[in-house]
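K.L.:
One structure is given below, represented as structure tokens, and several questions about it will come after.
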Amino acid sequence: DLKIDSETQKISQLAAVNQESEFRVLIRPEAFFGTNSKAVSLEVGLQHFLGFLGSLHRPILACYKLWGPGLPNLFQVLEDMDRLWEFEQVISGFLAARPLLQELVPGASSFKLKSLAETYLARSMSQRSALAAVLALRDLFRLLDIFPSPQLAQHIYCFSSLQCFASLQPLVQAAVLSRAQARLLALHKVSFTELLAVHRRDPQWGLRRYSCYLSPSAASSPPIQGTSPLQALSTYFGSLSREPSPARAEGLMAPVAGRSLAGRVCQQS
């Protein structure tokens with residue numbers, strides 16, 4: 001789990017657990033110059049995190065909000081540090097924990113992790129602690145006898161899908177795509193740079209091949225009022241082509257062909 005600072009929108013905590021082995025790191029804000037804090041810089045914290053993952057046997061990371069803003073934030077920071085390739089090599093994929101729990105305890109009154117911890121673990125979980133979140137998730141898995149098995153395959157996603165999802169975040173933030181539409185594109189390995197390249201080759205018709213992923217049924221409401229998702233996407237990319245340096249607007253990284261080790265071992269749903 002990770003926590004994002006509400007003011008800086010940067011990672012403030014990282015935590016993970018493997019059976020009884022716990023990992024937690026507090027990230028020191030860039031403007032913080034104190035000497036007595038246990039917090040470390042983001043670069044050092046991520047180095048420790050990669051070291052912890054590397055000590056395991058290519059784990060599958062269980063994430064409660066897999067398709068939320070947390071992983072794209074982590075991917076971007078690792079890309080900026082030129083360590084994303086290392087992260088890819090030390091993991092096998094990602095498990096979407098919330099949909100799995102929704103299947104196993106359909107009668108729960110709420111599927112917020114804090115509520116599940118109170119109901120099934122009789123535990124008051126601090127929402128401000130990344131470590132408390134991963135410990136609660138671990139103990140829920142133990143309580144429900146969740147362990148690696150073929151039955152989990154439909155909830156496991158590979159690295160390249162999450163990398164595509166991360167690359168599409170500028171479109172989500174610009175309200176061009178809904179998060180659900182970005183997820184659907186990512187599951188079909190469609191990245192920001194692919195959409196941009198297709199639009200540049202054929203500005204009028206190129207993006208129509210993605211219409212089945214961008215239909216209004218893939219979102220609760222159209223991204224931009226009065227326009228279809230395809231129109232909104234075309235308008236967005238058209239505006240990039242009119243800027244002096246469109247490469248600056250490409251946002252997050254896109255998957256590199258042949259780099260996705262996890263893509264060869266994870267199953268898609």
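Chain labels A, B, ... are given in the sequence in which chains occur in the structure tokens; within each chain residues are numbered consecutively from 1, and ligands are likewise numbered from 1 in the order shown.
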Mind checking which residues fall within 9 Å of His57 of chain A, counting only C-alpha atoms, ignoring those fewer than 3 positions away in the same chain, and posting them as a ChimeraX atom specification?

P.N.:
/A:53-54,90-92

K.L.:
Just to be explicit: take each residue in the selection above, keep all heavy atoms, and write the result as a PDB file, in the first residue's frame.

P.N.:
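The result, written out as out.pdb:
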```pdb
ATOM      1  N   LEU A  53      11.179  -6.139  -2.078  1.00  0.00           N
ATOM      2  CA  LEU A  53      10.541  -6.977  -3.098  1.00  0.00           C
ATOM      3  C   LEU A  53      11.538  -7.964  -3.695  1.00  0.00           C
ATOM      4  O   LEU A  53      11.204  -9.118  -3.970  1.00  0.00           O
ATOM      5  CB  LEU A  53       9.948  -6.102  -4.202  1.00  0.00           C
ATOM      6  CG  LEU A  53       8.794  -5.175  -3.810  1.00  0.00           C
ATOM      7  CD1 LEU A  53       8.362  -4.336  -5.008  1.00  0.00           C
ATOM      8  CD2 LEU A  53       7.611  -5.969  -3.266  1.00  0.00           C
ATOM      9  N   GLY A  54      12.773  -7.507  -3.887  1.00  0.00           N
ATOM     10  CA  GLY A  54      13.795  -8.373  -4.458  1.00  0.00           C
ATOM     11  C   GLY A  54      14.173  -9.529  -3.558  1.00  0.00           C
ATOM     12  O   GLY A  54      14.691 -10.547  -4.032  1.00  0.00           O
ATOM     13  N   VAL A  90      11.159  -7.564 -10.443  1.00  0.00           N
ATOM     14  CA  VAL A  90      11.085  -8.216  -9.132  1.00  0.00           C
ATOM     15  C   VAL A  90       9.668  -8.634  -8.750  1.00  0.00           C
ATOM     16  O   VAL A  90       9.466  -9.204  -7.681  1.00  0.00           O
ATOM     17  CB  VAL A  90      11.676  -7.317  -8.017  1.00  0.00           C
ATOM     18  CG1 VAL A  90      13.154  -7.070  -8.258  1.00  0.00           C
ATOM     19  CG2 VAL A  90      10.910  -6.000  -7.891  1.00  0.00           C
ATOM     20  N   ILE A  91       8.668  -8.356  -9.610  1.00  0.00           N
ATOM     21  CA  ILE A  91       7.299  -8.772  -9.303  1.00  0.00           C
ATOM     22  C   ILE A  91       6.767  -9.658 -10.421  1.00  0.00           C
ATOM     23  O   ILE A  91       7.316  -9.690 -11.528  1.00  0.00           O
ATOM     24  CB  ILE A  91       6.356  -7.567  -9.106  1.00  0.00           C
ATOM     25  CG1 ILE A  91       6.203  -6.778 -10.409  1.00  0.00           C
ATOM     26  CG2 ILE A  91       6.845  -6.677  -7.977  1.00  0.00           C
ATOM     27  CD1 ILE A  91       5.106  -5.735 -10.359  1.00  0.00           C
ATOM     28  N   SER A  92       5.680 -10.374 -10.122  1.00  0.00           N
ATOM     29  CA  SER A  92       5.033 -11.221 -11.128  1.00  0.00           C
ATOM     30  C   SER A  92       3.728 -10.632 -11.639  1.00  0.00           C
ATOM     31  O   SER A  92       3.229 -11.051 -12.675  1.00  0.00           O
ATOM     32  CB  SER A  92       4.749 -12.611 -10.545  1.00  0.00           C
ATOM     33  OG  SER A  92       5.943 -13.307 -10.312  1.00  0.00           O
TER      34      SER A  92
END
```

K.L.:
Write out as a tab-separated table a residue-level contact list of segment 59-137 of chain A versus segment 148-160 of chain A with cut-off 6 Å: for each qualifying residue the closest pair of atoms and the distance in Å to one decimal, counting only C-alpha atoms, rows sorted by chain and residue number upward.

P.N.:
```
residue	atom	partner	partner_atom	distance
A:Gly93	CA	A:Cys158	CA	4.6
A:Phe94	CA	A:Tyr157	CA	5.2
A:Leu95	CA	A:Ile156	CA	4.5
A:Ala96	CA	A:His155	CA	5.4
```

K.L.:
Restricting the output to all heavy atoms, write the selected residues as a CSV table (one decimal), in the first residue's frame.

P.N.:
```csv
chain,number,residue,atom,x,y,z
A,93,GLY,N,3.2,-9.7,-10.9
A,93,GLY,CA,1.9,-9.1,-11.3
A,93,GLY,C,1.2,-8.5,-10.2
A,93,GLY,O,1.8,-8.3,-9.1
A,94,PHE,N,-0.1,-8.2,-10.4
A,94,PHE,CA,-0.9,-7.5,-9.4
A,94,PHE,C,-2.2,-8.2,-9.1
A,94,PHE,O,-2.9,-8.6,-10.1
A,94,PHE,CB,-1.2,-6.0,-9.8
A,94,PHE,CG,0.1,-5.2,-10.1
A,94,PHE,CD1,0.7,-5.3,-11.3
A,94,PHE,CD2,0.7,-4.5,-9.1
A,94,PHE,CE1,1.8,-4.5,-11.6
A,94,PHE,CE2,1.8,-3.7,-9.3
A,94,PHE,CZ,2.4,-3.8,-10.6
A,95,LEU,N,-2.6,-8.3,-7.9
A,95,LEU,CA,-3.9,-8.9,-7.5
A,95,LEU,C,-4.9,-7.7,-7.1
A,95,LEU,O,-4.6,-7.0,-6.2
A,95,LEU,CB,-3.8,-9.9,-6.4
A,95,LEU,CG,-5.1,-10.4,-5.8
A,95,LEU,CD1,-5.8,-11.3,-6.8
A,95,LEU,CD2,-4.8,-11.2,-4.5
A,96,ALA,N,-6.0,-7.7,-7.8
A,96,ALA,CA,-7.1,-6.7,-7.4
A,96,ALA,C,-7.8,-7.3,-6.2
A,96,ALA,O,-8.7,-8.1,-6.4
A,96,ALA,CB,-8.0,-6.5,-8.6
```

K.L.:
Which is closer to Leu46 of chain A than all the others in A:Asp139, A:Asp80, A:Glu118, A:Asp5, using only C-alpha atoms?

P.N.:
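Of A:Asp139, A:Asp80, A:Glu118, A:Asp5, the one nearest Leu46 of chain A, counting only C-alpha atoms, is A:Asp80.
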
K.L.:
Of the candidates A:Asn73, A:Gln89, A:Ser6, A:Ser241, which shows the shortest atom-to-atom distance to Arg201 of chain A, using only C-alpha atoms?

P.N.:
A:Ser241

K.L.:
Can you list, as a VMD selection string, all residues belonging to segment 5-253 of chain A that DSSP tags as alpha helix (DSSP H)?

P.N.:
chain A and resid 42 to 54 70 to 80 84 to 90 97 to 104 113 to 121 130 to 143 159 to 167 169 to 173 179 to 187 192 to 201 229 to 241

K.L.:
What parts of segment 84-177 of chain A does DSSP call strand (DSSP E)? I'd like the answer as a list in words.

P.N.:
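Result set for segment 84-177 of chain A (strand (DSSP E)): Gly93, Phe94, Leu95, Ala96, Ile156 and Tyr157 of chain A.
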
K.L.:
How would the residues just picked look written out with C-alpha atoms as a compact mmCIF listing (two decimals), in the first residue's frame?

P.N.:
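Saved as result13.txt:
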```
# COMPACT_ATOMS: atom_id res chain seq x y z
CA GLY A 93 1.89 -9.12 -11.33
CA PHE A 94 -0.89 -7.48 -9.36
CA LEU A 95 -3.92 -8.86 -7.55
CA ALA A 96 -7.07 -6.72 -7.43
CA ILE A 156 -4.52 -11.00 -11.45
CA TYR A 157 -3.18 -8.42 -13.89
```

K.L.:
Show which residues sit within 12 Å of segment 105-110 of chain A, as a PDB file with C-alpha atoms, in the first residue's frame. Count only C-alpha atoms, and ignore same-chain residues fewer than 3 positions away.

P.N.:
```
ATOM      1  CA  ARG A  98     -11.304  -5.435  -3.539  1.00  0.00           C
ATOM      2  CA  PRO A  99     -13.218  -7.285  -6.321  1.00  0.00           C
ATOM      3  CA  LEU A 100     -12.001 -10.569  -4.846  1.00  0.00           C
ATOM      4  CA  LEU A 101     -13.340  -9.679  -1.398  1.00  0.00           C
ATOM      5  CA  GLN A 102     -16.608  -8.519  -2.940  1.00  0.00           C
ATOM      6  CA  LEU A 113     -11.064  -1.637   3.927  1.00  0.00           C
ATOM      7  CA  LYS A 114     -11.546   0.113   7.269  1.00  0.00           C
ATOM      8  CA  SER A 115     -15.129  -1.168   7.473  1.00  0.00           C
ATOM      9  CA  LEU A 116     -14.124  -4.732   6.568  1.00  0.00           C
ATOM     10  CA  ALA A 117     -11.433  -4.656   9.254  1.00  0.00           C
ATOM     11  CA  GLU A 118     -13.966  -3.514  11.852  1.00  0.00           C
ATOM     12  CA  THR A 119     -16.567  -6.103  10.829  1.00  0.00           C
ATOM     13  CA  TYR A 120     -14.442  -9.199  10.281  1.00  0.00           C
ATOM     14  CA  LEU A 140      -8.586 -10.682   5.897  1.00  0.00           C
ATOM     15  CA  PHE A 141      -6.930 -13.007   3.387  1.00  0.00           C
ATOM     16  CA  LEU A 143      -9.475 -15.279   7.689  1.00  0.00           C
ATOM     17  CA  LEU A 144     -11.043 -16.102   4.320  1.00  0.00           C
TER      18      LEU A 144
END
```

K.L.:
Calculated over only C-alpha atoms, which of the candidates A:Ser129, A:Gln76, A:Ser124, A:Gln181 has the smallest distance to Lys3 of chain A?

P.N.:
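Among the listed residues, the smallest separation from Lys3 of chain A belongs to A:Ser129.
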
K.L.:
Let me make sure I understand: among A:Val198, A:Leu74, A:Leu177, A:Ala130, which one has the smallest atom-to-atom distance to Val25 of chain A if we use only C-alpha atoms?

P.N.:
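The closest residue to Val25 of chain A is A:Ala130.
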
K.L.:
Show me, as JSON, numbers by chain, the residues that have an atom within 10 Å of Ala39 of chain A when counting only C-alpha atoms, minus same-chain residues fewer than 5 positions from it.

P.N.:
{"A": [12, 13, 25, 26, 27, 28, 29, 32, 34, 44, 45]}

K.L.:
I need the residue nearest Ala16 of chain A from this list: A:Arg128, A:Lys38, A:Arg138, A:Arg83. Use only C-alpha atoms for the distance.

P.N.:
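Smallest separation from Ala16 of chain A among the options: A:Arg138.
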
K.L.:
What gap, in Å, lies between atom CA of Leu2 of chain A and atom CA of Lys112 of chain A?

P.N.:
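Going from atom CA of Leu2 of chain A over to atom CA of Lys112 of chain A covers 15.8 Å.
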